[in-house]
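Structure data (mmCIF, C-alpha atoms) from input_16.cif:
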```cif
data_protein
#
loop_
_atom_site.label_atom_id
_atom_site.label_comp_id
_atom_site.auth_asym_id
_atom_site.auth_seq_id
_atom_site.Cartn_x
_atom_site.Cartn_y
_atom_site.Cartn_z
CA MET A 326 -17.87 36.84 12.41
CA ILE A 327 -14.29 36.07 11.48
CA SER A 328 -12.68 38.66 9.23
CA ILE A 329 -10.90 37.84 6.00
CA ASP A 330 -7.66 39.05 7.63
CA GLU A 331 -8.09 36.48 10.40
CA LEU A 332 -8.89 33.70 7.91
CA VAL A 333 -5.78 34.46 5.87
CA GLY A 334 -3.69 34.71 9.02
CA ALA A 335 -4.94 31.36 10.27
CA HIS A 336 -3.99 29.48 7.12
CA PRO A 337 -0.67 27.57 7.30
CA PHE A 338 0.41 29.00 3.94
CA ALA A 339 0.60 32.44 5.50
CA ALA A 340 2.49 31.37 8.62
CA GLY A 341 5.35 33.75 9.18
CA LEU A 342 3.85 36.72 7.34
CA SER A 343 3.88 39.99 9.27
CA ASP A 344 0.60 41.72 10.14
CA GLU A 345 1.33 44.29 7.47
CA HIS A 346 1.86 41.65 4.78
CA LEU A 347 -1.17 39.68 5.98
CA ALA A 348 -3.30 42.78 5.55
CA LEU A 349 -1.95 43.32 2.03
CA MET A 350 -2.68 39.69 1.16
CA ALA A 351 -6.14 39.79 2.73
CA GLY A 352 -6.91 42.77 0.52
CA CYS A 353 -6.67 40.43 -2.47
CA ALA A 354 -8.55 37.54 -0.80
CA GLN A 355 -12.11 36.34 -0.90
CA ASN A 356 -13.70 33.56 1.16
CA VAL A 357 -15.41 31.12 -1.20
CA ALA A 358 -17.51 27.95 -0.96
CA LEU A 359 -17.17 25.61 -3.91
CA ASP A 360 -19.49 22.76 -4.79
CA ALA A 361 -18.12 19.29 -5.45
CA GLY A 362 -16.96 19.07 -9.04
CA THR A 363 -16.17 22.78 -9.41
CA MET A 364 -13.05 23.42 -11.50
CA LEU A 365 -10.73 25.76 -9.63
CA CYS A 366 -8.42 26.12 -12.59
CA ALA A 367 -7.83 24.54 -15.95
CA GLU A 368 -4.64 23.67 -17.82
CA GLY A 369 -3.55 26.42 -20.21
CA GLU A 370 -5.82 29.08 -18.78
CA SER A 371 -4.57 32.33 -17.33
CA ALA A 372 -3.40 31.88 -13.74
CA ASP A 373 -5.23 34.77 -12.11
CA THR A 374 -6.45 33.22 -8.88
CA PHE A 375 -4.95 30.70 -6.49
CA TYR A 376 -6.63 29.00 -3.55
CA LEU A 377 -5.79 28.32 0.07
CA VAL A 378 -7.88 25.30 1.06
CA ARG A 379 -9.66 25.55 4.42
CA ARG A 380 -12.09 22.61 4.20
CA GLY A 381 -12.49 19.66 1.86
CA HIS A 382 -10.14 18.26 -0.74
CA VAL A 383 -9.08 19.35 -4.21
CA SER A 384 -7.59 17.08 -6.85
CA ILE A 385 -4.77 18.25 -9.12
CA GLU A 386 -5.43 16.52 -12.42
CA VAL A 387 -4.19 16.14 -15.95
CA HIS A 388 -6.44 15.03 -18.75
CA GLN A 389 -5.19 12.18 -20.85
CA ALA A 390 -6.88 11.29 -24.12
CA GLY A 391 -8.73 8.03 -23.82
CA ARG A 392 -8.23 7.80 -20.04
CA GLY A 393 -10.00 10.89 -18.80
CA PRO A 394 -8.67 12.87 -15.86
CA ILE A 395 -5.74 11.38 -13.96
CA VAL A 396 -5.30 12.64 -10.41
CA ILE A 397 -1.70 13.58 -9.70
CA GLU A 398 -2.14 14.81 -6.16
CA THR A 399 -4.80 15.64 -3.61
CA VAL A 400 -4.62 18.88 -1.65
CA GLY A 401 -6.45 19.03 1.66
CA PRO A 402 -7.10 21.62 4.37
CA GLY A 403 -4.02 23.74 4.95
CA GLY A 404 -2.72 23.26 1.43
CA ALA A 405 -2.42 25.70 -1.47
CA VAL A 406 -3.67 25.14 -4.99
CA GLY A 407 -1.62 26.85 -7.66
CA TRP A 408 1.65 28.71 -7.87
CA SER A 409 1.65 29.56 -11.59
CA TRP A 410 0.21 32.97 -10.64
CA LEU A 411 3.67 33.94 -9.38
CA VAL A 412 5.76 33.04 -12.39
CA ALA A 413 5.46 34.22 -16.02
CA PRO A 414 3.68 33.36 -18.27
CA TYR A 415 1.05 33.05 -15.47
CA ARG A 416 -0.69 30.06 -17.02
CA TRP A 417 -2.01 26.95 -15.21
CA THR A 418 -0.16 23.72 -15.91
CA PHE A 419 -2.79 21.35 -14.48
CA ASP A 420 -6.50 21.18 -13.77
CA ALA A 421 -7.81 21.44 -10.22
CA ARG A 422 -11.21 20.17 -9.16
CA ALA A 423 -13.15 20.20 -5.88
CA LEU A 424 -13.61 16.56 -4.86
CA GLU A 425 -16.24 17.50 -2.31
CA PRO A 426 -17.70 20.77 -1.00
CA VAL A 427 -14.62 22.94 -0.47
CA GLY A 428 -14.12 26.03 1.64
CA ALA A 429 -11.18 28.11 0.44
CA LEU A 430 -9.64 31.53 0.28
CA ALA A 431 -9.48 32.64 -3.35
CA ILE A 432 -6.53 34.99 -3.76
CA ASP A 433 -6.29 37.34 -6.72
CA GLY A 434 -2.80 36.57 -7.98
CA ALA A 435 -2.61 39.60 -10.30
CA CYS A 436 -3.53 41.86 -7.38
CA LEU A 437 -0.87 40.28 -5.19
CA ARG A 438 1.75 40.49 -7.93
CA ALA A 439 1.05 44.20 -8.37
CA LYS A 440 1.45 44.78 -4.62
CA SER A 441 4.66 42.75 -4.63
CA PHE A 442 6.16 44.90 -7.38
CA GLU A 443 5.43 47.95 -5.24
CA ASP A 444 6.71 46.37 -2.02
CA ALA A 445 9.68 44.06 -2.47
CA THR A 446 9.49 42.90 1.17
CA LEU A 447 6.00 41.55 0.48
CA GLY A 448 7.28 39.88 -2.67
CA PHE A 449 10.08 38.17 -0.76
CA ALA A 450 7.75 37.10 2.05
CA LEU A 451 5.27 35.62 -0.44
CA LEU A 452 8.07 33.89 -2.32
CA SER A 453 9.15 32.31 0.98
CA CYS A 454 5.60 31.03 1.57
CA VAL A 455 5.36 29.57 -1.93
CA THR A 456 8.85 28.09 -1.71
CA GLN A 457 7.95 26.33 1.53
CA GLU A 458 4.90 24.81 -0.14
CA LEU A 459 6.92 23.94 -3.25
CA LEU A 460 9.64 22.31 -1.18
CA GLU A 461 7.23 20.07 0.69
CA ARG A 462 5.47 19.04 -2.51
CA LEU A 463 8.76 18.46 -4.36
CA GLN A 464 10.10 16.29 -1.54
CA ALA A 465 6.89 14.26 -1.44
CA THR A 466 7.00 13.85 -5.22
CA ARG A 467 10.61 12.68 -5.10
CA VAL A 468 9.73 10.05 -2.50
CA ARG A 469 6.78 8.88 -4.58
CA LEU A 470 9.11 8.56 -7.58
CA LEU A 471 11.21 6.10 -5.58
CA ASP A 472 8.41 3.55 -5.99
CA LEU A 473 9.00 2.50 -2.38
CA TYR A 474 6.17 0.05 -2.10
CA GLY A 475 7.71 -2.16 -4.75
CA GLU A 476 10.36 -3.12 -2.20
CA THR A 477 8.46 -3.81 0.99
CA ARG A 478 8.73 -6.93 3.04
CA ALA A 479 7.22 -10.23 2.05
CA MET B 173 1.07 -36.92 8.06
CA LEU B 174 3.15 -36.99 11.23
CA SER B 175 4.42 -33.85 12.87
CA ALA B 176 8.11 -33.25 13.41
CA THR B 177 7.61 -34.09 17.08
CA GLU B 178 5.85 -37.34 16.30
CA LEU B 179 8.66 -38.18 13.94
CA GLY B 180 11.04 -37.85 16.86
CA ALA B 181 12.67 -34.60 15.81
CA PRO B 182 13.90 -32.47 18.69
CA ARG B 183 11.58 -29.58 19.56
CA SER B 184 13.57 -26.39 19.42
CA GLY B 185 13.29 -23.00 17.91
CA LEU B 186 14.98 -24.44 14.87
CA THR B 187 12.44 -27.18 14.20
CA PRO B 188 9.50 -26.19 12.06
CA LEU B 189 6.05 -27.43 12.91
CA LEU B 190 3.88 -28.62 10.08
CA TYR B 191 0.91 -26.50 9.15
CA ARG B 192 -1.71 -27.10 6.51
CA VAL B 193 -3.06 -24.33 4.29
CA VAL B 194 -6.79 -24.30 5.04
CA ALA B 195 -7.67 -21.21 3.04
CA ARG B 196 -5.99 -18.73 0.73
CA ARG B 197 -6.85 -15.37 -0.78
CA SER B 198 -5.20 -13.30 -3.48
CA ASP B 199 -5.12 -9.79 -2.03
CA THR B 200 -3.40 -8.15 -5.01
CA ALA B 201 -1.59 -9.36 -8.10
CA ASP B 202 1.43 -10.33 -5.98
CA VAL B 203 0.14 -10.56 -2.41
CA THR B 204 -1.51 -13.66 -0.98
CA THR B 205 -2.94 -14.37 2.45
CA LEU B 206 -2.72 -17.92 3.77
CA TRP B 207 -4.72 -19.33 6.68
CA LEU B 208 -2.85 -22.15 8.41
CA GLU B 209 -3.69 -24.88 10.96
CA SER B 210 -1.12 -27.05 12.65
CA LEU B 211 -1.26 -30.74 11.89
CA ASP B 212 -0.97 -31.63 15.57
CA GLY B 213 -3.86 -29.35 16.55
CA SER B 214 -1.71 -27.01 18.64
CA ARG B 215 -2.33 -23.27 18.62
CA LEU B 216 0.42 -20.72 18.30
CA SER B 217 0.56 -18.11 21.03
CA PHE B 218 1.93 -14.82 19.72
CA ARG B 219 1.75 -11.04 20.09
CA SER B 220 0.96 -8.53 17.38
CA GLY B 221 4.05 -7.50 15.46
CA GLN B 222 5.96 -10.77 15.82
CA PHE B 223 6.96 -12.93 12.87
CA ASN B 224 7.33 -16.58 11.97
CA MET B 225 9.82 -18.35 9.76
CA LEU B 226 7.82 -20.06 7.02
CA SER B 227 9.26 -22.98 5.05
CA ALA B 228 8.33 -23.99 1.56
CA PHE B 229 9.81 -27.48 1.69
CA GLY B 230 12.44 -28.05 -0.93
CA VAL B 231 12.72 -24.35 -1.65
CA GLY B 232 13.68 -22.50 1.52
CA GLU B 233 12.61 -20.50 4.53
CA ILE B 234 11.77 -16.80 4.98
CA ALA B 235 10.59 -14.50 7.74
CA VAL B 236 6.97 -13.44 7.39
CA SER B 237 5.06 -11.25 9.80
CA ILE B 238 1.98 -12.68 11.45
CA SER B 239 -1.09 -10.91 10.10
CA ALA B 240 -3.50 -12.67 12.44
CA SER B 241 -4.66 -11.09 15.67
CA PRO B 242 -4.03 -12.67 19.06
CA CYS B 243 -7.78 -12.12 19.54
CA ASP B 244 -8.56 -14.45 16.64
CA SER B 245 -9.85 -17.88 17.54
CA GLY B 246 -9.38 -19.14 14.00
CA PRO B 247 -6.37 -20.32 12.04
CA LEU B 248 -2.98 -18.65 11.97
CA ARG B 249 -2.74 -16.08 9.21
CA HIS B 250 0.18 -14.87 7.12
CA THR B 251 0.22 -12.41 4.24
CA VAL B 252 3.04 -12.95 1.78
CA ARG B 253 4.29 -10.84 -1.10
CA ASP B 254 5.68 -12.75 -4.05
CA VAL B 255 9.18 -11.30 -4.38
CA GLY B 256 11.50 -14.33 -4.54
CA SER B 257 11.64 -18.08 -4.91
CA VAL B 258 10.46 -18.93 -1.38
CA SER B 259 7.72 -16.32 -1.23
CA HIS B 260 6.63 -17.41 -4.72
CA ALA B 261 6.35 -21.00 -3.53
CA LEU B 262 4.36 -19.90 -0.46
CA CYS B 263 2.07 -17.66 -2.53
CA SER B 264 1.52 -20.56 -4.91
CA SER B 265 0.43 -22.89 -2.08
CA ASP B 266 -2.96 -24.45 -2.54
CA VAL B 267 -5.47 -25.37 0.12
CA GLY B 268 -4.32 -28.69 1.58
CA ASP B 269 -0.62 -28.07 1.06
CA VAL B 270 1.68 -28.36 4.07
CA ILE B 271 4.32 -25.78 4.98
CA GLY B 272 6.69 -25.39 7.92
CA VAL B 273 6.27 -22.79 10.65
CA ARG B 274 8.88 -21.77 13.24
CA GLY B 275 8.17 -19.10 15.77
CA PRO B 276 6.88 -16.75 16.89
CA PHE B 277 9.98 -14.58 17.04
CA GLY B 278 10.89 -11.02 17.89
CA THR B 279 9.44 -8.05 19.65
CA ASP B 280 5.84 -6.88 19.38
CA TRP B 281 3.94 -3.59 19.09
CA GLY B 282 3.23 -3.55 22.82
CA VAL B 283 -0.51 -3.10 22.47
CA THR B 284 -1.56 -6.41 24.04
CA GLY B 285 -2.99 -5.64 27.48
CA ASN B 286 -1.70 -2.10 27.16
CA ALA B 287 -4.85 -0.08 26.55
CA THR B 288 -4.42 3.68 26.74
CA PRO B 289 -6.91 6.54 26.75
CA ASN B 290 -4.66 8.33 24.27
CA ASP B 291 -4.95 8.09 20.51
CA THR B 292 -3.05 5.39 18.66
CA VAL B 293 -1.97 6.16 15.12
CA ILE B 294 -1.15 3.34 12.74
CA VAL B 295 0.77 4.29 9.61
CA ALA B 296 1.29 1.55 7.04
CA GLY B 297 2.90 1.58 3.63
CA GLY B 298 2.05 -1.13 1.13
CA ILE B 299 2.07 -4.60 2.65
CA GLY B 300 3.36 -2.99 5.86
CA LEU B 301 -0.22 -3.19 7.03
CA ALA B 302 0.17 -6.96 7.44
CA PRO B 303 2.37 -6.81 10.59
CA LEU B 304 0.06 -4.12 11.97
CA ARG B 305 -3.23 -5.87 11.28
CA GLY B 306 -3.28 -7.79 14.55
CA ALA B 307 -2.47 -4.64 16.51
CA VAL B 308 -5.30 -2.73 14.84
CA GLU B 309 -7.72 -5.56 15.64
CA GLU B 310 -6.65 -5.41 19.29
CA LEU B 311 -6.85 -1.62 19.41
CA VAL B 312 -10.30 -1.52 17.80
CA ALA B 313 -11.50 -4.10 20.32
CA ALA B 314 -10.02 -2.05 23.18
CA ARG B 315 -11.66 1.07 21.77
CA ARG B 316 -15.07 -0.57 22.23
CA GLU B 317 -14.17 -0.86 25.91
CA GLY B 318 -13.21 2.78 26.30
CA ALA B 319 -9.61 2.97 25.15
CA GLY B 320 -8.35 5.80 22.93
CA GLN B 321 -9.28 6.48 19.33
CA VAL B 322 -7.57 4.48 16.59
CA PHE B 323 -6.31 6.13 13.39
CA VAL B 324 -5.32 3.88 10.50
CA LEU B 325 -3.44 5.69 7.72
CA VAL B 326 -2.54 3.56 4.74
CA GLY B 327 -0.47 4.29 1.65
CA ALA B 328 0.04 2.19 -1.45
CA ARG B 329 1.59 2.63 -4.85
CA GLU B 330 -1.66 2.27 -6.77
CA PRO B 331 -5.30 1.68 -5.83
CA ASP B 332 -5.22 -2.00 -6.74
CA GLN B 333 -2.31 -2.50 -4.33
CA LEU B 334 -4.21 -1.48 -1.23
CA VAL B 335 -4.55 -4.59 0.93
CA PHE B 336 -7.12 -5.68 3.52
CA LEU B 337 -9.89 -3.50 2.10
CA ASP B 338 -12.49 -5.59 3.92
CA ASP B 339 -10.66 -5.05 7.23
CA LEU B 340 -10.38 -1.30 6.60
CA ALA B 341 -14.16 -1.15 6.13
CA VAL B 342 -14.77 -3.15 9.30
CA TRP B 343 -12.41 -0.97 11.36
CA GLU B 344 -14.03 2.19 10.07
CA LYS B 345 -17.47 0.83 10.88
CA ALA B 346 -16.20 0.02 14.37
CA GLY B 347 -15.28 3.68 14.88
CA ALA B 348 -11.66 3.89 13.79
CA VAL B 349 -10.57 6.76 11.55
CA VAL B 350 -9.37 5.09 8.35
CA LEU B 351 -7.62 7.13 5.63
CA SER B 352 -5.90 5.78 2.56
CA THR B 353 -3.81 7.32 -0.19
CA VAL B 354 -1.99 6.15 -3.29
CA ASP B 355 1.18 7.40 -4.93
CA ARG B 356 -0.28 7.00 -8.41
CA SER B 357 -3.87 7.39 -9.32
CA ALA B 358 -5.79 5.24 -11.77
CA PRO B 359 -8.91 5.89 -13.81
CA GLY B 360 -11.92 5.72 -11.52
CA TRP B 361 -9.96 6.38 -8.32
CA SER B 362 -11.59 9.23 -6.44
CA GLY B 363 -9.61 8.86 -3.24
CA HIS B 364 -6.57 10.71 -1.97
CA VAL B 365 -3.39 10.87 -4.08
CA GLY B 366 -0.10 11.69 -2.39
CA LEU B 367 2.49 10.43 0.02
CA VAL B 368 1.13 8.83 3.19
CA THR B 369 2.66 11.71 5.18
CA THR B 370 0.11 14.07 3.58
CA LEU B 371 -2.61 12.29 5.57
CA LEU B 372 -1.06 13.13 8.92
CA SER B 373 -1.87 16.80 9.43
CA ASN B 374 -5.61 16.50 8.78
CA ALA B 375 -6.23 13.08 10.36
CA GLY B 376 -7.42 14.62 13.62
CA PHE B 377 -5.32 12.80 16.24
CA ASP B 378 -3.89 14.51 19.30
CA ALA B 379 -0.23 14.81 18.29
CA HIS B 380 0.88 15.66 21.82
CA HIS B 381 -0.78 12.65 23.45
CA CYS B 382 -0.58 9.68 21.15
CA ARG B 383 1.49 6.66 20.27
CA VAL B 384 2.37 5.83 16.69
CA LEU B 385 3.13 2.47 15.10
CA ILE B 386 4.71 2.60 11.63
CA CYS B 387 5.51 -0.18 9.18
CA GLY B 388 6.60 0.12 5.57
CA PRO B 389 9.71 0.78 3.55
CA GLU B 390 12.41 2.42 5.68
CA VAL B 391 12.46 5.64 3.66
CA MET B 392 8.71 5.94 4.16
CA MET B 393 9.11 5.30 7.91
CA ARG B 394 11.84 7.95 8.18
CA PHE B 395 9.78 10.56 6.38
CA THR B 396 6.67 9.66 8.36
CA ALA B 397 8.46 9.83 11.70
CA ARG B 398 9.98 13.22 10.86
CA ALA B 399 6.60 14.59 9.77
CA LEU B 400 5.04 13.31 13.01
CA ILE B 401 7.75 14.94 15.11
CA ASP B 402 7.18 18.20 13.22
CA LEU B 403 3.51 17.92 14.23
CA GLY B 404 4.51 17.62 17.87
CA VAL B 405 4.59 13.87 18.43
CA ASP B 406 7.09 12.76 21.07
CA PRO B 407 9.78 10.65 19.31
CA ALA B 408 9.66 8.29 22.30
CA SER B 409 6.04 7.50 21.40
CA ILE B 410 6.89 6.27 17.91
CA TRP B 411 7.65 2.64 17.06
CA VAL B 412 8.78 1.25 13.75
CA SER B 413 9.18 -2.26 12.36
CA LEU B 414 12.60 -3.00 10.90
CA GLU B 415 13.67 -5.97 8.90
CA ARG B 416 16.96 -7.35 7.74
CA ASN B 417 17.99 -10.82 6.62
CA MET B 418 16.27 -12.89 9.31
CA GLN B 419 17.46 -16.48 9.23
CA CYS B 420 17.68 -18.30 12.57
CA GLY B 421 15.10 -16.20 14.39
CA LEU B 422 16.95 -16.78 17.66
CA GLY B 423 19.73 -14.21 17.59
CA TRP B 424 22.35 -16.89 16.95
CA CYS B 425 23.48 -16.47 13.37
CA GLY B 426 23.91 -12.70 13.19
CA HIS B 427 22.59 -12.30 9.64
CA CYS B 428 20.02 -9.74 10.75
CA GLN B 429 22.44 -7.56 12.71
CA LEU B 430 21.79 -3.84 12.56
CA GLY B 431 24.25 -1.93 14.72
CA PRO B 432 23.95 -3.34 18.23
CA LEU B 433 20.65 -5.09 17.46
CA LEU B 434 19.91 -8.56 16.20
CA LEU B 435 16.58 -7.75 14.64
CA CYS B 436 15.15 -11.26 14.78
CA ARG B 437 15.48 -11.04 18.56
CA ASP B 438 15.66 -7.31 19.42
CA GLY B 439 13.25 -6.35 16.62
CA PRO B 440 11.41 -6.19 14.37
CA VAL B 441 9.56 -3.59 16.46
CA VAL B 442 12.00 -0.96 17.71
CA GLY B 443 11.46 2.42 19.33
CA TYR B 444 12.12 5.29 16.93
CA LEU B 445 14.64 6.93 19.25
CA GLU B 446 16.88 3.90 18.84
CA ALA B 447 15.85 3.10 15.27
CA SER B 448 16.40 6.59 13.89
CA VAL B 449 20.14 6.39 14.43
CA LEU B 450 20.32 2.95 12.85
CA MET B 451 18.04 3.82 9.94
CA ASN B 452 20.35 6.67 9.01
CA GLU B 453 23.43 4.47 9.14
CA ARG B 454 24.80 3.96 5.64
CA GLU B 455 25.34 0.25 5.09
CA ARG B 456 28.64 -0.72 3.51
#
```
Using the file provided, produce a representation of the structure as structure tokens.
Amino acid sequence: MISIDELVGAHPFAAGLSDEHLALMAGCAQNVALDAGTMLCAEGESADTFYLVRRGHVSIEVHQAGRGPIVIETVGPGGAVGWSWLVAPYRWTFDARALEPVGALAIDGACLRAKSFEDATLGFALLSCVTQELLERLQATRVRLLDLYGETRA
Amino acid sequence: MLSATELGAPRSGLTPLLYRVVARRSDTADVTTLWLESLDGSRLSFRSGQFNMLSAFGVGEIAVSISASPCDSGPLRHTVRDVGSVSHALCSSDVGDVIGVRGPFGTDWGVTGNATPNDTVIVAGGIGLAPLRGAVEELVAARREGAGQVFVLVGAREPDQLVFLDDLAVWEKAGAVVLSTVDRSAPGWSGHVGLVTTLLSNAGFDAHHCRVLICGPEVMMRFTARALIDLGVDPASIWVSLERNMQCGLGWCGHCQLGPLLLCRDGPVVGYLEASVLMNERER
């Protein structure tokens, strides 16, 4: 059976973490299976747990009155759901929903924050992981904002 | 109606042949597919990725990729996006109308008669699937005979701008891996939302032994190619389709020049190693 340490270590989010930091992170992690439709987090709620997706897809959504949920982005295997756990006031900005059966690592953000306050090297390493994820998502969002497909060939 | 040849016009690459619209389909609000048959009964021989110059008589002429497959026995097929006066006239053509066709011109995707046991990844943005459609048809047919797996990754702005949905279903049923994504969701859309590059890492192709064909806006092609290289794809195995102001189609007029290339003749399909330098060149 694969240990939680190995599962955390195998996830792209944690690439570059030292064995020591992986062990600290794994101590706050839990392997979870989520049914389709399960809400991983909801806008405005306390950001206690974030997810590293291993299988399946999760939609990042915002609810709009009269239109229902609007999907902003889909996160698949290898992606991370949520970074509000790292920054005060630790509150989710969007909803996240399992689009299909999802296998993920649920990470206790409060636990990881507490460890980061004790060990600044862990805090910096985690910040690097989140920044990498943020950078990729920000770049993709910027490209989407260009409305590229309005200009393609005839 | 008499053809240009019957009328005594010289046959050259500059003389359009007359084709009749035998069928049309509105793919999206601004994209139309036309099926065309020549008035003189001739059949156009072409390779996937090439383009024709289409004339709306009295309006003008534009370059439009061939969206038919060389395997097709039926009419010639072009998919046109309504973005200007000529494309508007072509999109407005009714069944029975006659348009001019010159071509085929340019380089192709290199899939005809070039079956490989390796994976082939097709990445299309928006109507960029049109120039790739023939190649996918050929690759899916070759797959049935033992060639490598075919991955078709498609991005569009919104769900109602995804084109060739019937083809995507047929290719998937034939065994191809078909993934689509949109930049902006819409109520009722349960599919993937995100840039087309987000489909790459989980698609399942062998990044170290594959060839990749990309067509879409140049920014999308640049980002896609970089993401593929990050995954381990050999840049020499990536091809892109470039377009500039194609006019003569013969490399004579120079309107489509991009660096050392005349894209109507040396393109539109260009290897990424060569294209990457040119795509990063700031035009003045």
Taking all atoms listed in the file into account and nothing else, which residues of chain B lie no more than 9 Å away from chain A? Please answer as an mmCIF file with C-alpha atoms, keeping the file's coordinate frame.
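Writing done, so here's iface-v3.cif:
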```cif
data_model
loop_
_atom_site.group_PDB
_atom_site.id
_atom_site.type_symbol
_atom_site.label_atom_id
_atom_site.label_comp_id
_atom_site.auth_asym_id
_atom_site.auth_seq_id
_atom_site.Cartn_x
_atom_site.Cartn_y
_atom_site.Cartn_z
ATOM 1 C CA VAL B 203 0.140 -10.560 -2.410
ATOM 2 C CA ILE B 234 11.770 -16.800 4.980
ATOM 3 C CA ALA B 235 10.590 -14.500 7.740
ATOM 4 C CA VAL B 236 6.970 -13.440 7.390
ATOM 5 C CA SER B 237 5.060 -11.250 9.800
ATOM 6 C CA THR B 251 0.220 -12.410 4.240
ATOM 7 C CA VAL B 252 3.040 -12.950 1.780
ATOM 8 C CA ARG B 253 4.290 -10.840 -1.100
ATOM 9 C CA ASP B 254 5.680 -12.750 -4.050
ATOM 10 C CA VAL B 255 9.180 -11.300 -4.380
ATOM 11 C CA GLY B 256 11.500 -14.330 -4.540
ATOM 12 C CA SER B 259 7.720 -16.320 -1.230
ATOM 13 C CA GLY B 297 2.900 1.580 3.630
ATOM 14 C CA GLY B 298 2.050 -1.130 1.130
ATOM 15 C CA ILE B 299 2.070 -4.600 2.650
ATOM 16 C CA GLY B 300 3.360 -2.990 5.860
ATOM 17 C CA GLY B 327 -0.470 4.290 1.650
ATOM 18 C CA ALA B 328 0.040 2.190 -1.450
ATOM 19 C CA ARG B 329 1.590 2.630 -4.850
ATOM 20 C CA ASP B 355 1.180 7.400 -4.930
ATOM 21 C CA ARG B 356 -0.280 7.000 -8.410
ATOM 22 C CA SER B 357 -3.870 7.390 -9.320
ATOM 23 C CA ALA B 358 -5.790 5.240 -11.770
ATOM 24 C CA PRO B 359 -8.910 5.890 -13.810
ATOM 25 C CA GLY B 360 -11.920 5.720 -11.520
ATOM 26 C CA TRP B 361 -9.960 6.380 -8.320
ATOM 27 C CA SER B 362 -11.590 9.230 -6.440
ATOM 28 C CA GLY B 363 -9.610 8.860 -3.240
ATOM 29 C CA HIS B 364 -6.570 10.710 -1.970
ATOM 30 C CA VAL B 365 -3.390 10.870 -4.080
ATOM 31 C CA GLY B 366 -0.100 11.690 -2.390
ATOM 32 C CA LEU B 367 2.490 10.430 0.020
ATOM 33 C CA THR B 369 2.660 11.710 5.180
ATOM 34 C CA THR B 370 0.110 14.070 3.580
ATOM 35 C CA LEU B 371 -2.610 12.290 5.570
ATOM 36 C CA SER B 373 -1.870 16.800 9.430
ATOM 37 C CA ASN B 374 -5.610 16.500 8.780
ATOM 38 C CA GLY B 388 6.600 0.120 5.570
ATOM 39 C CA PRO B 389 9.710 0.780 3.550
ATOM 40 C CA GLU B 390 12.410 2.420 5.680
ATOM 41 C CA VAL B 391 12.460 5.640 3.660
ATOM 42 C CA MET B 392 8.710 5.940 4.160
ATOM 43 C CA PHE B 395 9.780 10.560 6.380
ATOM 44 C CA GLU B 415 13.670 -5.970 8.900
#
```
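Near (-7.3, 33.9, -1.2), the residues inside the 9 Å limit, counting only C-alpha atoms, come to Ile329, Val333, Met350, Ala351, Cys353, Ala354, Gln355, Asn356, Val357, Thr374, Phe375, Tyr376, Leu377, Val378, Ala429, Leu430, Ala431, Ile432, Asp433 and Gly434 of chain A.
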Would you please work out which residue, of A:Glu425, A:Asp360, A:Glu368, A:Glu458, is nearest to Trp408 of chain A when using all atoms listed in the file?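 So, comparing all the options, the nearest one is A:Glu458.
Once the PyMOL selection byres ((chain B and resi 375-386) around 7) is applied to the depicted file, the selected set reads Asn290, Asp291, Thr292, Val293, Ile294, Val295, Ala296, Leu371, Leu372, Ser373, Asn374, Cys387, Gly388, Met393, Leu403, Gly404, Val405, Asp406, Ser409, Ile410, Trp411, Val412 and Ser413 of chain B.
Take the candidates A:Val412, A:Ala445, A:Leu347, A:Leu459 and check each one against Ala335 of chain A using all atoms listed in the file; the shortest distance goes to A:Leu347.
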Pairwise distance for atom CA of Leu365 of chain A and atom CA of Thr418 of chain A, rounded to one decimal in Å: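 Straight-line distance from atom CA of Leu365 of chain A to atom CA of Thr418 of chain A works out to 12.5 Å.
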What residues come out when you apply the PyMOL selection byres ((chain B and resi 274) around 9) to this file, written as number ranges by chain? B: 185-189, 224-227, 272-273, 275-277, 421
Export, as a PDB file, keeping the file's coordinate frame, the selected residues with C-alpha atoms.
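Okay, this is what ended up in part36.pdb:
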```pdb
ATOM      1  CA  GLY B 185      13.290 -23.000  17.910  1.00  0.00           C
ATOM      2  CA  LEU B 186      14.980 -24.440  14.870  1.00  0.00           C
ATOM      3  CA  THR B 187      12.440 -27.180  14.200  1.00  0.00           C
ATOM      4  CA  PRO B 188       9.500 -26.190  12.060  1.00  0.00           C
ATOM      5  CA  LEU B 189       6.050 -27.430  12.910  1.00  0.00           C
ATOM      6  CA  ASN B 224       7.330 -16.580  11.970  1.00  0.00           C
ATOM      7  CA  MET B 225       9.820 -18.350   9.760  1.00  0.00           C
ATOM      8  CA  LEU B 226       7.820 -20.060   7.020  1.00  0.00           C
ATOM      9  CA  SER B 227       9.260 -22.980   5.050  1.00  0.00           C
ATOM     10  CA  GLY B 272       6.690 -25.390   7.920  1.00  0.00           C
ATOM     11  CA  VAL B 273       6.270 -22.790  10.650  1.00  0.00           C
ATOM     12  CA  GLY B 275       8.170 -19.100  15.770  1.00  0.00           C
ATOM     13  CA  PRO B 276       6.880 -16.750  16.890  1.00  0.00           C
ATOM     14  CA  PHE B 277       9.980 -14.580  17.040  1.00  0.00           C
ATOM     15  CA  GLY B 421      15.100 -16.200  14.390  1.00  0.00           C
TER      16      GLY B 421
END
```
Matched chain/residue IDs from the PyMOL selection byres ((chain B and resi 336) around 9), as a PyMOL selection string: chain B and resi 199+301-302+305+334-335+337-341
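Of note, atom CA of Ala307 of chain B and atom CA of Ser448 of chain B are spaced 22.1 Å apart.
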